[in-house]
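Visitor: Pasting upload_32.cif below, which is mmCIF, C-alpha atoms.
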```
data_coords
loop_
_atom_site.label_atom_id
_atom_site.label_comp_id
_atom_site.auth_asym_id
_atom_site.auth_seq_id
_atom_site.Cartn_x
_atom_site.Cartn_y
_atom_site.Cartn_z
CA SER A 1 6.11 25.48 -6.04
CA GLY A 2 8.38 25.92 -3.05
CA ASP A 3 8.12 29.72 -3.31
CA TYR A 4 4.34 29.59 -3.17
CA CYS A 5 4.47 27.23 -0.17
CA SER A 6 6.83 29.63 1.58
CA LYS A 7 4.42 32.54 1.10
CA VAL A 8 1.51 30.48 2.43
CA GLU A 9 3.49 29.28 5.45
CA ASN A 10 4.70 32.81 6.24
CA GLN A 11 1.10 34.03 6.23
CA GLN A 12 0.01 31.10 8.41
CA ARG A 13 2.78 31.81 10.92
CA LYS A 14 1.70 35.44 11.14
CA GLU A 15 -1.87 34.35 11.84
CA ARG A 16 -0.74 31.85 14.47
CA GLY A 17 1.40 34.49 16.06
CA ARG A 18 -1.66 36.70 16.53
CA GLU A 19 -3.37 33.75 18.22
CA LYS A 20 -0.43 33.23 20.61
CA MET A 21 -0.34 29.56 19.71
CA SER A 22 2.72 28.65 21.75
CA SER A 23 2.25 26.49 24.83
CA THR A 24 5.92 26.47 25.88
CA PRO A 25 8.17 29.20 27.33
CA PHE A 26 10.82 28.46 24.69
CA THR A 27 10.57 30.79 21.69
CA LEU A 28 11.58 29.54 18.26
CA LYS A 29 13.45 32.00 16.06
CA PHE A 30 13.66 31.30 12.35
CA PRO A 31 15.69 30.40 10.51
CA LEU A 32 16.91 27.87 13.05
CA SER A 33 20.25 27.64 11.29
CA THR A 34 21.17 31.13 12.52
CA ALA A 35 19.59 30.86 15.99
CA PRO A 36 22.18 30.53 18.81
CA ALA A 37 19.92 28.11 20.70
CA TRP A 38 20.28 25.56 17.89
CA LYS A 39 23.96 25.89 17.01
CA ASP A 40 24.75 22.54 18.64
CA ILE A 41 22.33 20.66 16.39
CA GLU A 42 23.35 19.19 13.04
CA PRO A 43 20.22 18.98 10.86
CA VAL A 44 19.36 15.56 9.43
CA PRO A 45 18.11 15.86 5.84
CA GLN A 46 15.33 13.69 4.46
CA ASP A 47 16.63 10.60 2.71
CA ASP A 48 14.74 10.17 -0.55
CA GLY A 49 17.27 7.75 -2.02
CA GLN A 50 19.75 8.39 -4.81
CA GLU A 51 17.23 9.01 -7.59
CA PRO A 52 13.79 9.93 -6.22
CA LEU A 53 11.14 9.44 -8.89
CA VAL A 54 8.94 12.42 -7.97
CA PRO A 55 10.68 14.60 -5.37
CA ILE A 56 8.30 16.85 -3.45
CA SER A 57 8.95 20.58 -3.67
CA TYR A 58 8.90 21.38 0.05
CA SER A 59 9.24 24.97 1.16
CA PRO A 60 12.61 25.96 2.71
CA HIS A 61 10.89 26.49 6.06
CA PHE A 62 9.31 23.02 6.01
CA VAL A 63 12.64 21.44 5.10
CA GLU A 64 14.46 23.21 7.91
CA VAL A 65 11.85 22.37 10.54
CA MET A 66 11.83 18.69 9.61
CA ASP A 67 15.61 18.45 9.33
CA TYR A 68 16.01 19.79 12.86
CA PHE A 69 13.17 17.59 14.08
CA ARG A 70 14.87 14.49 12.72
CA ALA A 71 18.05 15.55 14.54
CA ILE A 72 16.15 15.97 17.82
CA LEU A 73 14.49 12.59 17.34
CA ARG A 74 17.83 10.95 16.75
CA LYS A 75 19.17 12.48 19.97
CA LYS A 76 16.00 11.56 21.88
CA GLU A 77 16.17 15.00 23.40
CA TYR A 78 13.24 15.77 25.71
CA SER A 79 13.62 19.48 26.36
CA GLU A 80 11.69 22.73 26.18
CA ARG A 81 13.24 23.51 22.81
CA ALA A 82 12.30 20.07 21.53
CA LEU A 83 8.73 20.63 22.75
CA ALA A 84 8.66 24.00 21.00
CA LEU A 85 9.93 22.40 17.82
CA THR A 86 7.14 19.80 17.86
CA GLU A 87 4.72 22.70 17.88
CA GLU A 88 6.14 23.96 14.60
CA VAL A 89 6.26 20.43 13.19
CA ILE A 90 2.55 20.15 13.89
CA GLN A 91 1.87 23.56 12.39
CA VAL A 92 3.55 22.71 9.08
CA ASN A 93 1.90 19.26 9.01
CA PRO A 94 -0.91 18.72 11.54
CA ALA A 95 -1.23 15.06 10.50
CA ASN A 96 2.39 14.23 11.41
CA TYR A 97 1.90 11.25 13.71
CA THR A 98 5.53 11.23 14.86
CA GLY A 99 5.32 14.91 15.72
CA TRP A 100 2.34 14.36 18.01
CA LEU A 101 3.86 11.23 19.56
CA PHE A 102 7.20 12.87 20.33
CA ARG A 103 5.35 15.90 21.69
CA ARG A 104 3.51 13.65 24.16
CA GLU A 105 6.78 12.08 25.23
CA CYS A 106 8.26 15.55 25.83
CA LEU A 107 5.21 16.64 27.82
CA MET A 108 5.42 13.62 30.08
CA MET A 109 9.19 13.79 30.57
CA LEU A 110 9.06 17.53 31.34
CA LYS A 111 5.97 17.14 33.55
CA SER A 112 4.33 19.96 31.63
CA ASP A 113 0.97 21.50 32.45
CA LEU A 114 -1.36 19.22 30.54
CA LYS A 115 -4.34 21.55 30.88
CA LYS A 116 -2.38 24.14 28.91
CA GLU A 117 -1.79 21.46 26.33
CA LEU A 118 -5.55 21.17 25.87
CA GLU A 119 -5.60 24.88 25.01
CA PHE A 120 -2.92 24.29 22.39
CA ILE A 121 -4.87 21.38 20.90
CA SER A 122 -8.02 23.50 20.69
CA LYS A 123 -6.13 26.18 18.77
CA VAL A 124 -4.76 23.65 16.30
CA ALA A 125 -8.25 22.17 15.92
CA LYS A 126 -9.53 25.51 14.62
CA HIS A 127 -7.43 24.93 11.50
CA SER A 128 -7.34 21.11 11.40
CA SER A 129 -10.35 19.57 13.10
CA LYS A 130 -10.57 16.53 10.79
CA ASN A 131 -7.36 15.15 12.14
CA TYR A 132 -7.16 11.74 13.78
CA GLN A 133 -3.75 12.44 15.33
CA LEU A 134 -5.01 15.57 17.05
CA TRP A 135 -8.02 13.90 18.65
CA HIS A 136 -6.03 10.85 19.65
CA HIS A 137 -3.50 13.16 21.30
CA ARG A 138 -6.31 14.93 23.12
CA ARG A 139 -7.68 11.63 24.38
CA VAL A 140 -4.31 10.58 25.77
CA ILE A 141 -3.85 13.95 27.47
CA VAL A 142 -7.35 13.91 29.02
CA ASN A 143 -6.81 10.35 30.18
CA GLU A 144 -3.53 11.40 31.80
CA ILE A 145 -5.21 14.36 33.54
CA GLY A 146 -7.89 11.98 34.83
CA GLU A 147 -10.87 14.32 34.66
CA CYS A 148 -13.29 15.30 31.92
CA GLY A 149 -12.89 19.05 32.37
CA GLU A 150 -14.67 20.82 29.52
CA GLU A 151 -14.39 18.03 26.97
CA LEU A 152 -18.09 17.90 26.17
CA ASP A 153 -18.11 21.64 25.56
CA ALA A 154 -14.98 21.36 23.42
CA THR A 155 -16.51 18.68 21.22
CA ALA A 156 -19.82 20.56 21.02
CA LYS A 157 -17.96 23.65 19.77
CA ALA A 158 -16.09 21.56 17.20
CA LEU A 159 -19.36 20.01 16.00
CA LEU A 160 -20.91 23.42 15.46
CA GLY A 161 -18.55 23.91 12.54
CA ASP A 162 -18.71 20.33 11.30
CA PRO A 163 -21.64 18.35 12.75
CA LYS A 164 -20.51 15.12 11.05
CA ASN A 165 -16.84 15.12 12.04
CA TYR A 166 -16.14 11.47 12.79
CA HIS A 167 -13.05 12.13 14.90
CA VAL A 168 -14.87 14.60 17.15
CA TRP A 169 -17.75 12.18 17.63
CA ALA A 170 -15.35 9.34 18.46
CA HIS A 171 -13.68 11.50 21.11
CA ARG A 172 -17.02 12.56 22.55
CA GLN A 173 -18.13 8.94 22.81
CA TRP A 174 -14.90 8.05 24.60
CA VAL A 175 -15.43 10.91 27.08
CA LEU A 176 -19.03 9.83 27.74
CA GLN A 177 -17.96 6.28 28.50
CA LYS A 178 -14.77 7.12 30.37
CA PHE A 179 -16.39 9.57 32.77
CA SER A 180 -19.99 8.25 32.78
CA LEU A 181 -21.46 11.47 31.40
CA PHE A 182 -24.44 10.12 29.47
CA LYS A 183 -26.99 12.19 31.38
CA GLY A 184 -28.36 14.87 29.07
CA GLU A 185 -26.78 13.41 25.92
CA ILE A 186 -30.11 12.40 24.37
CA LYS A 187 -31.32 16.01 24.70
CA TYR A 188 -28.08 17.22 23.10
CA VAL A 189 -28.59 14.84 20.18
CA GLU A 190 -32.18 15.97 19.76
CA SER A 191 -31.03 19.59 19.62
CA LEU A 192 -28.76 18.68 16.70
CA LEU A 193 -31.56 16.82 14.93
CA ARG A 194 -33.85 19.82 15.28
CA VAL A 195 -31.26 21.78 13.30
CA ASP A 196 -30.66 19.03 10.74
CA ILE A 197 -32.96 16.01 10.76
CA ARG A 198 -30.62 14.38 8.20
CA ASN A 199 -27.58 14.46 10.47
CA ASN A 200 -26.62 10.78 10.28
CA SER A 201 -23.91 11.27 12.92
CA ALA A 202 -26.48 12.51 15.43
CA TRP A 203 -28.69 9.51 14.68
CA ASN A 204 -25.72 7.24 15.25
CA GLN A 205 -24.98 9.00 18.53
CA ARG A 206 -28.55 8.49 19.69
CA PHE A 207 -28.23 4.74 19.10
CA PHE A 208 -24.88 4.73 20.91
CA VAL A 209 -26.36 6.50 23.95
CA VAL A 210 -29.42 4.24 24.22
CA LYS A 211 -27.27 1.13 23.83
CA ASN A 212 -24.92 2.26 26.60
CA THR A 213 -27.59 3.45 29.06
CA SER A 214 -31.09 1.97 29.16
CA GLY A 215 -30.61 -0.62 26.46
CA PHE A 216 -33.40 -1.54 24.03
CA ASN A 217 -36.09 -3.01 26.22
CA LYS A 218 -39.70 -3.00 25.01
CA GLU A 219 -40.54 0.40 26.46
CA ILE A 220 -37.44 2.02 25.01
CA GLN A 221 -38.02 0.43 21.61
CA ASN A 222 -41.54 1.85 21.52
CA ARG A 223 -40.19 5.29 22.41
CA GLU A 224 -37.50 5.11 19.75
CA VAL A 225 -39.87 3.88 17.05
CA LYS A 226 -42.24 6.75 17.86
CA PHE A 227 -39.40 9.29 17.74
CA THR A 228 -38.11 7.90 14.44
CA PHE A 229 -41.45 7.94 12.65
CA GLU A 230 -42.10 11.48 13.84
CA ALA A 231 -38.86 12.41 12.06
CA LEU A 232 -39.92 10.47 8.97
CA GLU A 233 -43.17 12.41 8.80
CA LYS A 234 -41.02 15.49 8.12
CA ALA A 235 -38.66 13.85 5.61
CA PRO A 236 -39.76 10.37 4.51
CA ASN A 237 -36.85 9.87 2.08
CA ASN A 238 -34.27 10.68 4.76
CA ILE A 239 -32.16 7.51 4.95
CA SER A 240 -30.80 8.21 8.46
CA PRO A 241 -33.97 7.37 10.46
CA TRP A 242 -34.60 4.35 8.23
CA ASN A 243 -31.12 3.11 9.11
CA TYR A 244 -31.91 3.80 12.75
CA LEU A 245 -34.95 1.54 12.40
CA ARG A 246 -32.71 -1.12 10.90
CA GLY A 247 -30.68 -0.95 14.09
CA LEU A 248 -33.81 -1.32 16.17
CA MET A 249 -34.92 -4.20 13.96
CA ALA A 250 -31.91 -6.20 15.16
CA GLN A 251 -32.96 -5.95 18.82
CA ASN A 252 -34.85 -8.63 20.71
CA GLY A 253 -38.59 -8.04 20.94
CA PHE A 254 -38.81 -5.81 17.87
CA ASP A 255 -42.48 -5.22 17.04
CA VAL A 256 -42.46 -6.05 13.34
CA ASP A 257 -46.18 -5.66 12.75
CA ALA A 258 -46.40 -2.26 14.45
CA VAL A 259 -43.46 -0.91 12.46
CA LYS A 260 -44.88 -2.26 9.19
CA ARG A 261 -48.15 -0.45 9.91
CA LEU A 262 -46.28 2.81 10.49
CA ALA A 263 -44.29 2.28 7.30
CA ALA A 264 -47.53 1.63 5.41
CA ALA A 265 -48.81 5.00 6.64
CA ILE A 266 -45.71 6.65 5.15
CA LEU A 267 -46.36 4.90 1.81
CA LYS A 268 -49.99 5.98 1.83
CA LYS A 269 -48.81 9.60 1.75
CA ASP A 270 -45.87 8.93 -0.55
CA PRO A 271 -46.29 5.68 -2.55
CA LYS A 272 -42.96 6.26 -4.34
CA CYS A 273 -40.87 6.61 -1.19
CA ALA A 274 -37.86 4.49 -2.17
CA GLU A 275 -36.31 4.49 1.30
CA CYS A 276 -39.49 3.17 2.89
CA LEU A 277 -39.81 0.48 0.23
CA SER A 278 -36.18 -0.48 0.72
CA PHE A 279 -36.78 -0.79 4.44
CA LEU A 280 -39.76 -3.10 3.85
CA ILE A 281 -37.52 -5.36 1.76
CA ASP A 282 -35.07 -5.57 4.68
CA ILE A 283 -37.87 -6.37 7.12
CA ALA A 284 -39.04 -9.19 4.85
CA LEU A 285 -35.52 -10.59 4.72
CA ARG A 286 -35.05 -10.32 8.49
CA TYR A 287 -38.48 -11.70 9.43
CA PRO A 288 -39.44 -13.80 6.40
CA THR A 289 -42.93 -15.02 5.61
CA ILE A 290 -44.12 -16.20 2.21
CA PRO A 291 -46.53 -13.24 1.73
CA SER A 292 -43.96 -10.63 2.85
CA LEU A 293 -41.25 -12.08 0.59
CA ARG A 294 -43.59 -12.12 -2.42
CA THR A 295 -44.38 -8.48 -1.75
CA ALA A 296 -40.69 -7.71 -1.35
CA ALA A 297 -39.88 -9.32 -4.71
CA LYS A 298 -42.47 -7.11 -6.39
CA ILE A 299 -41.03 -4.05 -4.62
CA CYS A 300 -37.55 -4.91 -5.88
CA ASN A 301 -38.85 -5.09 -9.44
CA ASP A 302 -40.73 -1.79 -9.11
CA LEU A 303 -37.63 -0.05 -7.72
CA LYS A 304 -35.24 -1.27 -10.41
CA THR A 305 -37.58 -0.66 -13.37
CA ASN A 306 -39.39 2.48 -12.33
CA LEU A 307 -38.93 4.13 -8.95
CA CYS A 308 -35.14 4.08 -8.42
CA GLN A 309 -33.41 2.93 -11.59
CA ILE A 310 -30.08 4.47 -10.66
CA ARG A 311 -29.63 1.65 -8.10
CA GLU A 312 -30.76 -1.07 -10.49
CA LYS A 313 -27.89 -3.44 -9.66
CA TYR A 314 -28.55 -3.15 -5.94
CA TRP A 315 -32.24 -3.96 -6.36
CA GLU A 316 -31.31 -6.96 -8.49
CA TYR A 317 -29.02 -8.13 -5.69
CA GLN A 318 -31.80 -7.64 -3.12
CA GLU A 319 -34.26 -9.45 -5.36
CA GLN A 320 -31.94 -12.45 -5.63
CA LYS A 321 -31.77 -12.67 -1.84
CA VAL A 322 -35.54 -12.34 -1.53
CA ARG A 323 -36.28 -15.04 -4.13
CA SER A 324 -33.68 -17.38 -2.66
CA LYS A 325 -35.21 -17.04 0.79
CA LEU A 326 -38.71 -17.40 -0.66
CA GLN A 327 -37.79 -20.65 -2.42
CA ALA A 328 -36.23 -22.04 0.74
CA LEU A 329 -39.33 -21.14 2.78
CA GLN A 330 -41.69 -22.65 0.22
CA ALA A 331 -39.63 -25.84 0.07
CA SER A 332 -39.72 -26.20 3.86
CA ASN A 333 -43.51 -25.90 3.89
#
```
Translate the structure described by the file into structure tokens.

Guide:
Amino acid sequence: SGDYCSKVENQQRKERGREKMSSTPFTLKFPLSTAPAWKDIEPVPQDDGQEPLVPISYSPHFVEVMDYFRAILRKKEYSERALALTEEVIQVNPANYTGWLFRRECLMMLKSDLKKELEFISKVAKHSSKNYQLWHHRRVIVNEIGECGEELDATAKALLGDPKNYHVWAHRQWVLQKFSLFKGEIKYVESLLRVDIRNNSAWNQRFFVVKNTSGFNKEIQNREVKFTFEALEKAPNNISPWNYLRGLMAQNGFDVDAVKRLAAAILKKDPKCAECLSFLIDIALRYPTIPSLRTAAKICNDLKTNLCQIREKYWEYQEQKVRSKLQALQASN
């Protein structure tokens, strides 16, 4: 209900007050309707039409903030009070794209201290880190500043709490490319994998770094295959390194035979390793020979009838691809 929302928002405002969230000298005093600084503004209510089907029970505070925000937008007022209001708009709804956009416009028009804005963003991120608008805003601000500052540290801190946060990783990748900061990134990724060998985001980051630095020449491929199978020795059914190998498999000069031998060693220890068997099917499809495709067809049958029945439909799909490719290969010979 609206009353419950009001209680929650009041508590949140108290907590934000203790954090000294504000990044502008203008102080908002609520309710805005009684604040002298806002007496010249006529609030613009939300237009839900004449008969809204399911009207949302917004809290009175949310309604007031948004009504005044719509009025400021209509005026296109770029002022300190408008900037302060965007802060509250973001607090009541951190995913409000228009709030972030108008805030950027205010910052640029007022020539505000953009490094202080980074501090504000970091504070918001503590409560709303999985927020595309926030990280996009941060990227624009950093780009405007023109230097990386402490962006790698900021993303590393954010990833401590959520190591698979896509938006944080996307920002980190942008920073690495924008400011050529790839040195040391492989070691950072390895530190994350030591903590959680199943961190698929860290595996993805490793591929991103190699692709954008050394590339996948023969020497690098050998190094990466070695690293990946060392990880698989610890957790053979971990899909992340198998997917990493699939990425390597698409590179020129991939040593199919060597990788198949290493995969066979995994199966020797764990003959029911579904992820390894699935990978061998993909190898057979990528680098088809009649013997490998016949083996792959048998693997598909074993997986769907015995080893991994929960994915029966997927193994049937894979088997169809294998048999189709096998028939085509046999016909060509």

Visitor: So which one's closest to A:Ala202, A:Ala170, A:Ala331, A:Asn222, A:Lys183? Using only C-alpha atoms, please.

Guide: A:Ala170

Visitor: Once the PyMOL selection byres ((chain A and resi 39-42) around 10) has been evaluated on this model, what residues remain selected, and can you format them as a VMD selection string?

Guide: chain A and resid 32 to 38 43 to 45 67 to 72 75

Visitor: Of the candidates A:Val89, A:Asp270, A:Glu105, A:Leu152, which shows the shortest atom-to-atom distance to A:Lys76, using all atoms listed in the file?

Guide: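 So, comparing all the options, the nearest one is A:Glu105.
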
Visitor: Which polymer residues, protein or nucleic acid, are no farther than 10 Å from (-33.2, 3.6, 3.3), counting all atoms listed in the file, as an mmCIF file with C-alpha atoms, in the frame of the given file?

Guide:
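The new file selection35.cif reads:
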```cif
data_model
loop_
_atom_site.group_PDB
_atom_site.id
_atom_site.type_symbol
_atom_site.label_atom_id
_atom_site.label_comp_id
_atom_site.auth_asym_id
_atom_site.auth_seq_id
_atom_site.Cartn_x
_atom_site.Cartn_y
_atom_site.Cartn_z
ATOM 1 C CA PRO A 236 -39.760 10.370 4.510
ATOM 2 C CA ASN A 237 -36.850 9.870 2.080
ATOM 3 C CA ASN A 238 -34.270 10.680 4.760
ATOM 4 C CA ILE A 239 -32.160 7.510 4.950
ATOM 5 C CA SER A 240 -30.800 8.210 8.460
ATOM 6 C CA PRO A 241 -33.970 7.370 10.460
ATOM 7 C CA TRP A 242 -34.600 4.350 8.230
ATOM 8 C CA ASN A 243 -31.120 3.110 9.110
ATOM 9 C CA TYR A 244 -31.910 3.800 12.750
ATOM 10 C CA LEU A 245 -34.950 1.540 12.400
ATOM 11 C CA ARG A 246 -32.710 -1.120 10.900
ATOM 12 C CA CYS A 273 -40.870 6.610 -1.190
ATOM 13 C CA ALA A 274 -37.860 4.490 -2.170
ATOM 14 C CA GLU A 275 -36.310 4.490 1.300
ATOM 15 C CA CYS A 276 -39.490 3.170 2.890
ATOM 16 C CA LEU A 277 -39.810 0.480 0.230
ATOM 17 C CA SER A 278 -36.180 -0.480 0.720
ATOM 18 C CA PHE A 279 -36.780 -0.790 4.440
ATOM 19 C CA LEU A 280 -39.760 -3.100 3.850
ATOM 20 C CA ASP A 282 -35.070 -5.570 4.680
#
```

Visitor: Considering all atoms listed in the file, return as a list in words whatever protein or nucleic-acid residues lie within 9 Å of A:Arg206, sequence-local ones (same chain, fewer than 6 positions apart) excluded.

Guide: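 The residues that qualify are Glu185, Ile186, Val189 and Glu190 of chain A.
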
Visitor: Starting from the shown file, work through the PyMOL selection byres ((chain A and resi 291) around 12) and note down what comes out as a list in words.

Guide: Ile281, Ala284, Leu285, Tyr287, Pro288, Thr289, Ile290, Ser292, Leu293, Arg294, Thr295, Ala296, Ala297, Lys298, Val322, Arg323, Lys325, Leu326, Leu329 and Gln330 of chain A

Visitor: Could you please take those selected residues and save C-alpha atoms as a PDB file, keeping the file's coordinate frame?

Guide:
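File written: selection-v6.pdb
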```pdb
ATOM      1  CA  ILE A 281     -37.520  -5.360   1.760  1.00  0.00           C
ATOM      2  CA  ALA A 284     -39.040  -9.190   4.850  1.00  0.00           C
ATOM      3  CA  LEU A 285     -35.520 -10.590   4.720  1.00  0.00           C
ATOM      4  CA  TYR A 287     -38.480 -11.700   9.430  1.00  0.00           C
ATOM      5  CA  PRO A 288     -39.440 -13.800   6.400  1.00  0.00           C
ATOM      6  CA  THR A 289     -42.930 -15.020   5.610  1.00  0.00           C
ATOM      7  CA  ILE A 290     -44.120 -16.200   2.210  1.00  0.00           C
ATOM      8  CA  SER A 292     -43.960 -10.630   2.850  1.00  0.00           C
ATOM      9  CA  LEU A 293     -41.250 -12.080   0.590  1.00  0.00           C
ATOM     10  CA  ARG A 294     -43.590 -12.120  -2.420  1.00  0.00           C
ATOM     11  CA  THR A 295     -44.380  -8.480  -1.750  1.00  0.00           C
ATOM     12  CA  ALA A 296     -40.690  -7.710  -1.350  1.00  0.00           C
ATOM     13  CA  ALA A 297     -39.880  -9.320  -4.710  1.00  0.00           C
ATOM     14  CA  LYS A 298     -42.470  -7.110  -6.390  1.00  0.00           C
ATOM     15  CA  VAL A 322     -35.540 -12.340  -1.530  1.00  0.00           C
ATOM     16  CA  ARG A 323     -36.280 -15.040  -4.130  1.00  0.00           C
ATOM     17  CA  LYS A 325     -35.210 -17.040   0.790  1.00  0.00           C
ATOM     18  CA  LEU A 326     -38.710 -17.400  -0.660  1.00  0.00           C
ATOM     19  CA  LEU A 329     -39.330 -21.140   2.780  1.00  0.00           C
ATOM     20  CA  GLN A 330     -41.690 -22.650   0.220  1.00  0.00           C
TER      21      GLN A 330
END
```

Visitor: Would you list the contacts of A:Met249 as a list in words, taking every protein, DNA or RNA residue within 9 Å and counting only C-alpha atoms, but skipping same-chain residues closer than 6 positions in sequence?

Guide: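 Counting only the stated atoms, we get Asp255, Val256, Ile283 and Arg286 of chain A.
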